[in-house]
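Undergrad: Next comes the structure file protein-v8.txt, holding compact mmCIF, C-alpha atoms.
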```txt
# COMPACT_ATOMS: atom_id res chain seq x y z
CA MET A 1 240.95 157.88 -7.58
CA LEU A 2 243.54 159.84 -9.57
CA ALA A 3 244.56 156.93 -11.81
CA GLU A 4 240.94 156.01 -12.55
CA SER A 5 240.08 159.62 -13.42
CA LEU A 6 243.06 159.90 -15.77
CA ALA A 7 242.19 156.62 -17.49
CA LEU A 8 238.56 157.75 -17.94
CA THR A 9 239.80 161.08 -19.33
CA ALA A 10 242.00 159.28 -21.85
CA ALA A 11 239.15 157.00 -22.92
CA LEU A 12 236.66 159.87 -23.32
CA PHE A 13 239.19 161.94 -25.26
CA ILE A 14 239.91 159.04 -27.63
CA VAL A 15 236.17 158.49 -28.15
CA GLY A 16 235.96 162.17 -29.13
CA VAL A 17 238.87 161.80 -31.57
CA ILE A 18 237.27 158.74 -33.18
CA GLY A 19 233.98 160.63 -33.45
CA VAL A 20 235.69 163.51 -35.28
CA LEU A 21 237.26 161.01 -37.69
CA ILE A 22 234.20 158.87 -38.53
CA HIS A 23 231.52 161.56 -38.87
CA ARG A 24 230.82 163.83 -41.80
CA ASN A 25 228.12 165.96 -40.19
CA ALA A 26 229.75 169.23 -39.08
CA ILE A 27 227.41 169.63 -36.08
CA ILE A 28 228.25 166.18 -34.68
CA ILE A 29 231.96 166.87 -35.21
CA PHE A 30 231.56 170.02 -33.12
CA MET A 31 229.90 167.98 -30.37
CA CYS A 32 232.87 165.58 -30.45
CA VAL A 33 235.21 168.53 -29.93
CA GLU A 34 233.10 169.56 -26.92
CA LEU A 35 233.45 166.02 -25.56
CA MET A 36 237.24 166.25 -25.88
CA LEU A 37 237.28 169.60 -24.01
CA THR A 38 235.12 168.16 -21.22
CA ALA A 39 237.33 165.10 -20.93
CA VAL A 40 240.34 167.33 -20.30
CA ASN A 41 238.36 169.18 -17.61
CA LEU A 42 238.17 165.91 -15.67
CA THR A 43 241.98 165.81 -15.61
CA PHE A 44 242.12 169.32 -14.17
CA VAL A 45 239.59 168.47 -11.46
CA ALA A 46 241.34 165.20 -10.55
CA PHE A 47 244.71 166.94 -10.24
CA SER A 48 243.23 169.88 -8.31
CA ARG A 49 242.78 167.48 -5.39
CA TYR A 50 246.53 167.04 -5.18
CA TYR A 51 247.87 170.37 -6.46
CA GLY A 52 245.43 172.92 -5.03
CA ALA A 53 242.36 174.69 -6.41
CA ALA A 54 244.11 176.37 -9.36
CA GLY A 55 243.03 173.39 -11.48
CA GLN A 56 239.37 174.24 -10.86
CA VAL A 57 240.03 177.82 -11.97
CA PHE A 58 241.44 176.43 -15.22
CA VAL A 59 238.26 174.41 -15.68
CA VAL A 60 236.27 177.66 -15.51
CA PHE A 61 238.49 179.13 -18.22
CA VAL A 62 238.19 176.02 -20.41
CA MET A 63 234.41 176.18 -20.13
CA THR A 64 234.41 179.85 -21.16
CA VAL A 65 236.60 179.15 -24.17
CA SER A 66 234.45 176.20 -25.22
CA ALA A 67 231.30 178.34 -24.95
CA ALA A 68 232.90 180.98 -27.17
CA GLU A 69 234.09 178.28 -29.57
CA ALA A 70 230.60 176.77 -29.80
CA ALA A 71 229.05 180.18 -30.52
CA VAL A 72 231.49 181.06 -33.31
CA GLY A 73 231.61 177.53 -34.74
CA LEU A 74 227.85 177.20 -34.95
CA ALA A 75 227.65 180.65 -36.57
CA ILE A 76 230.14 179.43 -39.20
CA ILE A 77 228.02 176.29 -39.75
CA ILE A 78 224.90 178.43 -40.22
CA ALA A 79 226.76 180.66 -42.70
CA ILE A 80 227.98 177.60 -44.67
CA PHE A 81 224.49 176.07 -44.63
CA ARG A 82 223.07 179.28 -46.07
CA HIS A 83 225.50 179.06 -49.03
CA ARG A 84 225.51 175.31 -49.69
CA GLN A 85 222.27 173.97 -48.12
CA THR A 86 224.32 171.21 -46.45
CA VAL A 87 226.54 170.61 -43.41
CA ASP A 88 228.10 167.47 -44.94
CA LEU A 89 231.87 167.88 -44.97
CA LYS A 90 232.02 165.92 -48.24
CA ASN A 91 230.52 168.94 -50.02
CA ILE A 92 232.55 171.56 -48.15
CA ASN A 93 235.98 171.37 -49.81
CA LEU A 94 236.52 174.94 -50.98
CA LEU A 95 239.96 175.16 -49.34
CA ARG A 96 241.18 171.80 -50.65
CA GLY A 97 244.18 172.45 -52.92
CA MET B 1 250.00 158.11 -1.21
CA GLU B 2 246.30 157.78 -2.04
CA PRO B 3 243.98 157.77 0.95
CA HIS B 4 241.72 154.77 1.46
CA TYR B 5 238.24 155.23 0.00
CA PRO B 6 235.13 153.45 1.28
CA LEU B 7 233.58 150.82 -0.97
CA PHE B 8 230.40 152.90 -1.39
CA TYR B 9 232.46 155.76 -2.86
CA VAL B 10 234.51 153.52 -5.14
CA PHE B 11 231.39 151.74 -6.42
CA HIS B 12 229.67 155.01 -7.37
CA PHE B 13 232.84 156.39 -8.89
CA TYR B 14 233.10 153.39 -11.21
CA LEU B 15 229.33 153.44 -11.87
CA PHE B 16 229.34 157.06 -13.09
CA GLY B 17 232.57 156.47 -14.99
CA VAL B 18 231.05 153.52 -16.85
CA ILE B 19 227.86 155.50 -17.56
CA ALA B 20 229.93 158.40 -18.92
CA LEU B 21 232.02 156.15 -21.16
CA ALA B 22 229.04 154.10 -22.40
CA SER B 23 227.06 157.26 -23.22
CA ALA B 24 230.08 158.71 -25.02
CA ILE B 25 230.46 155.58 -27.15
CA THR B 26 226.72 155.58 -27.90
CA PHE B 27 227.04 159.27 -28.75
CA VAL B 28 229.71 158.84 -31.43
CA THR B 29 227.88 155.93 -33.07
CA ARG B 30 224.61 157.86 -33.58
CA THR B 31 223.87 159.33 -37.00
CA SER B 32 221.01 161.60 -35.91
CA PRO B 33 222.32 164.89 -34.45
CA VAL B 34 219.47 165.10 -31.90
CA ALA B 35 220.10 161.61 -30.51
CA ALA B 36 223.84 162.35 -30.39
CA ALA B 37 223.23 165.59 -28.49
CA LEU B 38 221.02 163.86 -25.92
CA TRP B 39 223.62 161.11 -25.32
CA LEU B 40 226.27 163.80 -24.93
CA VAL B 41 224.08 165.50 -22.29
CA ASN B 42 224.00 162.14 -20.46
CA THR B 43 227.82 162.05 -20.53
CA MET B 44 227.98 165.61 -19.20
CA PHE B 45 225.64 164.74 -16.32
CA SER B 46 227.69 161.74 -15.22
CA LEU B 47 230.86 163.83 -15.46
CA ALA B 48 229.19 166.41 -13.21
CA ALA B 49 228.55 163.64 -10.68
CA LEU B 50 232.24 162.67 -10.89
CA TYR B 51 233.27 166.31 -10.29
CA VAL B 52 231.14 166.40 -7.14
CA MET B 53 232.74 163.15 -5.96
CA LEU B 54 236.19 164.68 -6.58
CA ASP B 55 235.45 167.58 -4.16
CA ALA B 56 234.69 170.10 -6.93
CA GLN B 57 231.03 170.80 -6.17
CA PHE B 58 230.98 174.23 -7.78
CA ILE B 59 232.49 172.86 -11.00
CA GLY B 60 229.82 170.14 -11.00
CA VAL B 61 227.03 172.74 -10.79
CA ILE B 62 228.66 174.85 -13.52
CA GLN B 63 229.02 171.73 -15.68
CA VAL B 64 225.27 171.03 -15.51
CA LEU B 65 224.30 174.68 -16.03
CA LEU B 66 226.78 175.52 -18.77
CA TYR B 67 227.41 172.34 -20.75
CA ALA B 68 224.20 170.39 -20.32
CA GLY B 69 222.05 173.50 -19.99
CA ALA B 70 223.48 176.14 -22.30
CA ILE B 71 225.91 174.76 -24.87
CA MET B 72 223.88 171.66 -25.73
CA VAL B 73 220.72 173.77 -26.04
CA VAL B 74 222.57 175.96 -28.54
CA PHE B 75 223.52 172.83 -30.49
CA LEU B 76 219.93 171.56 -30.48
CA PHE B 77 218.71 175.01 -31.47
CA VAL B 78 221.03 175.02 -34.50
CA VAL B 79 219.87 171.51 -35.45
CA MET B 80 216.29 172.77 -35.32
CA LEU B 81 217.20 175.90 -37.29
CA LEU B 82 218.99 174.10 -40.13
CA ASN B 83 216.27 171.45 -40.74
CA LEU B 84 218.70 168.85 -42.11
CA GLY B 85 216.07 166.27 -43.02
CA HIS B 86 215.62 162.70 -41.83
CA PRO B 87 218.78 161.03 -40.42
CA SER B 88 218.51 158.09 -42.83
CA GLU B 89 218.71 160.45 -45.82
CA ILE B 90 221.77 162.46 -44.85
CA ALA B 91 224.17 159.44 -44.72
CA ASP B 92 226.39 160.90 -42.04
CA MET B 93 229.01 158.22 -41.37
CA ARG B 94 232.18 157.82 -43.40
CA GLY B 95 233.01 154.52 -45.12
CA LYS B 96 234.38 151.27 -43.72
CA TRP B 97 238.04 152.16 -44.30
CA TRP B 98 237.68 155.49 -42.54
CA LYS B 99 236.15 153.72 -39.52
CA LEU B 100 238.97 151.16 -39.50
CA ALA B 101 241.61 153.90 -39.73
CA ALA B 102 239.86 155.89 -36.98
CA GLY B 103 239.81 152.83 -34.74
CA LEU B 104 243.52 152.19 -35.31
CA ILE B 105 244.40 155.85 -34.64
CA GLY B 106 242.29 155.71 -31.49
CA LEU B 107 244.03 152.56 -30.27
CA GLY B 108 247.45 154.11 -30.98
CA LEU B 109 246.60 157.32 -29.10
CA LEU B 110 245.10 155.36 -26.19
CA SER B 111 248.22 153.22 -25.80
CA GLU B 112 250.41 156.34 -25.95
CA ILE B 113 248.41 158.06 -23.22
CA MET B 114 248.42 154.92 -21.06
CA VAL B 115 252.22 154.78 -21.33
CA ILE B 116 252.43 158.42 -20.23
CA LEU B 117 250.10 157.70 -17.29
CA ARG B 118 252.65 155.24 -15.86
CA ALA B 119 254.87 158.18 -14.89
CA LYS B 120 255.03 158.91 -11.17
CA LEU B 121 253.85 162.22 -9.75
CA PRO B 122 256.68 164.27 -8.24
CA GLN B 123 256.29 163.75 -4.47
CA GLN B 124 257.28 167.27 -3.42
CA LEU B 125 254.45 168.80 -5.47
CA ILE B 126 251.70 166.78 -3.79
CA MET B 127 249.68 168.67 -1.20
CA PRO B 128 249.14 167.20 2.27
CA ARG B 129 246.22 164.77 2.42
CA ASP B 130 243.65 167.04 4.08
CA PHE B 131 244.74 170.20 2.23
CA SER B 132 241.57 170.60 0.18
CA ASP B 133 239.38 169.98 3.24
CA GLN B 134 241.22 172.74 5.12
CA GLN B 135 240.84 175.11 2.18
CA VAL B 136 237.11 174.40 1.90
CA GLU B 137 236.72 174.93 5.66
CA LYS B 138 238.51 178.28 5.44
CA LEU B 139 237.00 179.70 2.23
CA ASN B 140 233.93 177.45 1.59
CA VAL B 141 233.25 175.68 -1.71
CA VAL B 142 232.88 178.71 -4.00
CA GLY B 143 235.60 180.71 -2.25
CA VAL B 144 238.18 178.03 -3.05
CA ILE B 145 237.74 178.90 -6.74
CA ALA B 146 236.92 182.60 -6.39
CA ASP B 147 239.99 183.42 -4.28
CA PRO B 148 242.64 182.45 -6.87
CA LEU B 149 240.38 183.54 -9.75
CA PHE B 150 240.23 187.15 -8.57
CA LYS B 151 243.76 187.33 -7.17
CA ASP B 152 246.28 185.19 -9.08
CA PHE B 153 244.35 184.90 -12.35
CA LEU B 154 242.77 188.36 -12.47
CA LEU B 155 244.41 189.32 -15.77
CA ALA B 156 243.30 186.07 -17.42
CA PHE B 157 239.80 186.64 -16.04
CA GLU B 158 239.64 190.12 -17.54
CA LEU B 159 240.99 188.85 -20.86
CA THR B 160 238.20 186.25 -20.84
CA SER B 161 235.68 189.10 -21.09
CA VAL B 162 237.45 190.36 -24.23
CA LEU B 163 237.32 186.81 -25.65
CA LEU B 164 233.59 186.58 -25.00
CA LEU B 165 232.99 190.01 -26.56
CA VAL B 166 234.91 188.98 -29.70
CA ALA B 167 232.98 185.68 -29.83
CA ILE B 168 229.61 187.47 -29.57
CA ALA B 169 230.55 190.00 -32.25
CA GLY B 170 231.93 187.26 -34.51
CA ALA B 171 228.87 185.05 -34.09
CA VAL B 172 226.49 187.92 -34.88
CA VAL B 173 228.49 189.02 -37.96
CA LEU B 174 228.81 185.46 -39.30
CA ALA B 175 225.25 184.35 -38.69
CA ARG B 176 223.54 187.57 -39.80
CA GLY B 177 224.12 186.99 -43.49
CA ARG B 178 224.33 189.29 -46.49
CA SER B 179 220.69 190.34 -46.86
CA ALA B 180 220.44 191.77 -43.36
CA GLY B 181 223.85 193.40 -43.67
CA ALA B 182 222.86 195.40 -46.74
CA ARG B 183 220.55 197.64 -44.77
```
Have the structure of the file written as structure tokens, please.
TA:
Amino acid sequence: MLAESLALTAALFIVGVIGVLIHRNAIIIFMCVELMLTAVNLTFVAFSRYYGAAGQVFVVFVMTVSAAEAAVGLAIIIAIFRHRQTVDLKNINLLRG
Amino acid sequence: MEPHYPLFYVFHFYLFGVIALASAITFVTRTSPVAAALWLVNTMFSLAALYVMLDAQFIGVIQVLLYAGAIMVVFLFVVMLLNLGHPSEIADMRGKWWKLAAGLIGLGLLSEIMVILRAKLPQQLIMPRDFSDQQVEKLNVVGVIADPLFKDFLLAFELTSVLLLVAIAGAVVLARGRSAGAR
């Protein structure tokens, strides 16, 4: 089942990448990033069957980092919304040169 | 190299894989954040089922508790907090050319990854076939993860607590705003 898991991981990751590219809503883009992180977790779990349980420990770390990332990212979105009254990336171009 | 799996197992593996992929595709095509979040929860649940089938029961439980239970609730909470308006008014998707470019980039990345996947695993690194069963018998399901986590990866585990502390402090400072900070 290793090959199937890796193929599913690749497909889910690409779906996440496409979601980041086609959306303009910052919240949905964050969800797409979460999908990409979860897809990589499946790789770790699939390999942990062949290479020992260290892969599952890495999954725990990835989940912690993604929780921290979601907390900080959503706080940034709330701060931006308070200034601009929008989460549309079209209107958030302060750092564009 | 791969052991033989019964048809029942293979069928359910493909079933949950197809559910996960279909929910993910439905998720990225939604324009309403709430509908997208619920489809993403569906993906997370089917991935949890796949984790259990891949002998990672503890990770499956954590997946449901943490991703489907905690992180997605935070997302929905923020959607509720921001009150973005009706999905038809906020015109979320990018234009036709962006979608076309995104599809092409996706196809390119997918073909690259599929080429990489053709590589063979180094034989000497592969554990014996019943290795994970022996480990689970010796340490039970949670112990398999806890044993390396608190021995080999103890420093990384402790650093994780610093990361979480920084994330909490950063989230509070960012989300509190200027009016509350002036006190």
Undergrad: May I have the residues of chain A within 6 Å of chain B, counting only C-alpha atoms, written as a PyMOL selection string?
TA: chain A and resi 14+18-19+21-25+50-51+57+68+72+75+79
Undergrad: Mind giving me the axis-aligned box for stretch 80-83 of chain A with 6 Å on every side, centre plus edges in Å to one decimal, as lines of an AutoDock Vina configuration file?
TA:
```
center_x = 225.5
center_y = 177.7
center_z = -46.8
size_x = 16.9
size_y = 15.2
size_z = 16.4
```
Undergrad: What does the structure give for the distance between atom CA of A:Thr38 and atom CA of B:Asn42, in Å to one decimal?
TA: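 Taking atom CA of A:Thr38 as the start and atom CA of B:Asn42 as the end point, the length is 12.7 Å.
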Undergrad: For A:Ser5, which residue among B:Val61, B:Val141, B:Phe16, B:Leu7 is the nearest when counting all atoms listed in the file?
TA: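 Of all the options, B:Phe16 lies closest to A:Ser5.
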Undergrad: What would stretch 48-65 of chain B look like with N, CA and C atoms in place, written as a compact mmCIF listing (two decimals), in the coordinates of the input?
TA:
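This went into out31.txt:
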```txt
# COMPACT_ATOMS: atom_id res chain seq x y z
N ALA B 48 229.48 165.50 -14.32
CA ALA B 48 229.19 166.41 -13.21
C ALA B 48 229.16 165.66 -11.88
N ALA B 49 228.56 164.45 -11.90
CA ALA B 49 228.55 163.64 -10.68
C ALA B 49 229.97 163.30 -10.26
N LEU B 50 230.84 162.99 -11.23
CA LEU B 50 232.24 162.67 -10.89
C LEU B 50 232.94 163.89 -10.30
N TYR B 51 232.65 165.10 -10.84
CA TYR B 51 233.27 166.31 -10.29
C TYR B 51 232.88 166.47 -8.82
N VAL B 52 231.58 166.25 -8.52
CA VAL B 52 231.14 166.40 -7.14
C VAL B 52 231.87 165.39 -6.25
N MET B 53 232.05 164.16 -6.76
CA MET B 53 232.74 163.15 -5.96
C MET B 53 234.21 163.49 -5.78
N LEU B 54 234.78 164.29 -6.70
CA LEU B 54 236.19 164.68 -6.58
C LEU B 54 236.35 166.01 -5.84
N ASP B 55 235.38 166.37 -4.98
CA ASP B 55 235.45 167.58 -4.16
C ASP B 55 235.44 168.85 -4.98
N ALA B 56 234.80 168.86 -6.15
CA ALA B 56 234.69 170.10 -6.93
C ALA B 56 233.21 170.37 -7.16
N GLN B 57 232.49 170.68 -6.07
CA GLN B 57 231.03 170.80 -6.17
C GLN B 57 230.63 171.95 -7.08
N PHE B 58 231.34 173.06 -6.96
CA PHE B 58 230.98 174.23 -7.78
C PHE B 58 231.15 173.92 -9.26
N ILE B 59 232.26 173.23 -9.60
CA ILE B 59 232.49 172.86 -11.00
C ILE B 59 231.38 171.92 -11.49
N GLY B 60 230.91 171.03 -10.61
CA GLY B 60 229.82 170.14 -11.00
C GLY B 60 228.56 170.92 -11.35
N VAL B 61 228.22 171.93 -10.52
CA VAL B 61 227.03 172.74 -10.79
C VAL B 61 227.21 173.50 -12.11
N ILE B 62 228.41 174.09 -12.29
CA ILE B 62 228.66 174.85 -13.52
C ILE B 62 228.59 173.93 -14.73
N GLN B 63 229.06 172.69 -14.57
CA GLN B 63 229.02 171.73 -15.68
C GLN B 63 227.59 171.50 -16.13
N VAL B 64 226.67 171.28 -15.15
CA VAL B 64 225.27 171.03 -15.51
C VAL B 64 224.66 172.28 -16.14
N LEU B 65 224.91 173.46 -15.52
CA LEU B 65 224.30 174.68 -16.03
C LEU B 65 224.82 175.03 -17.41
```
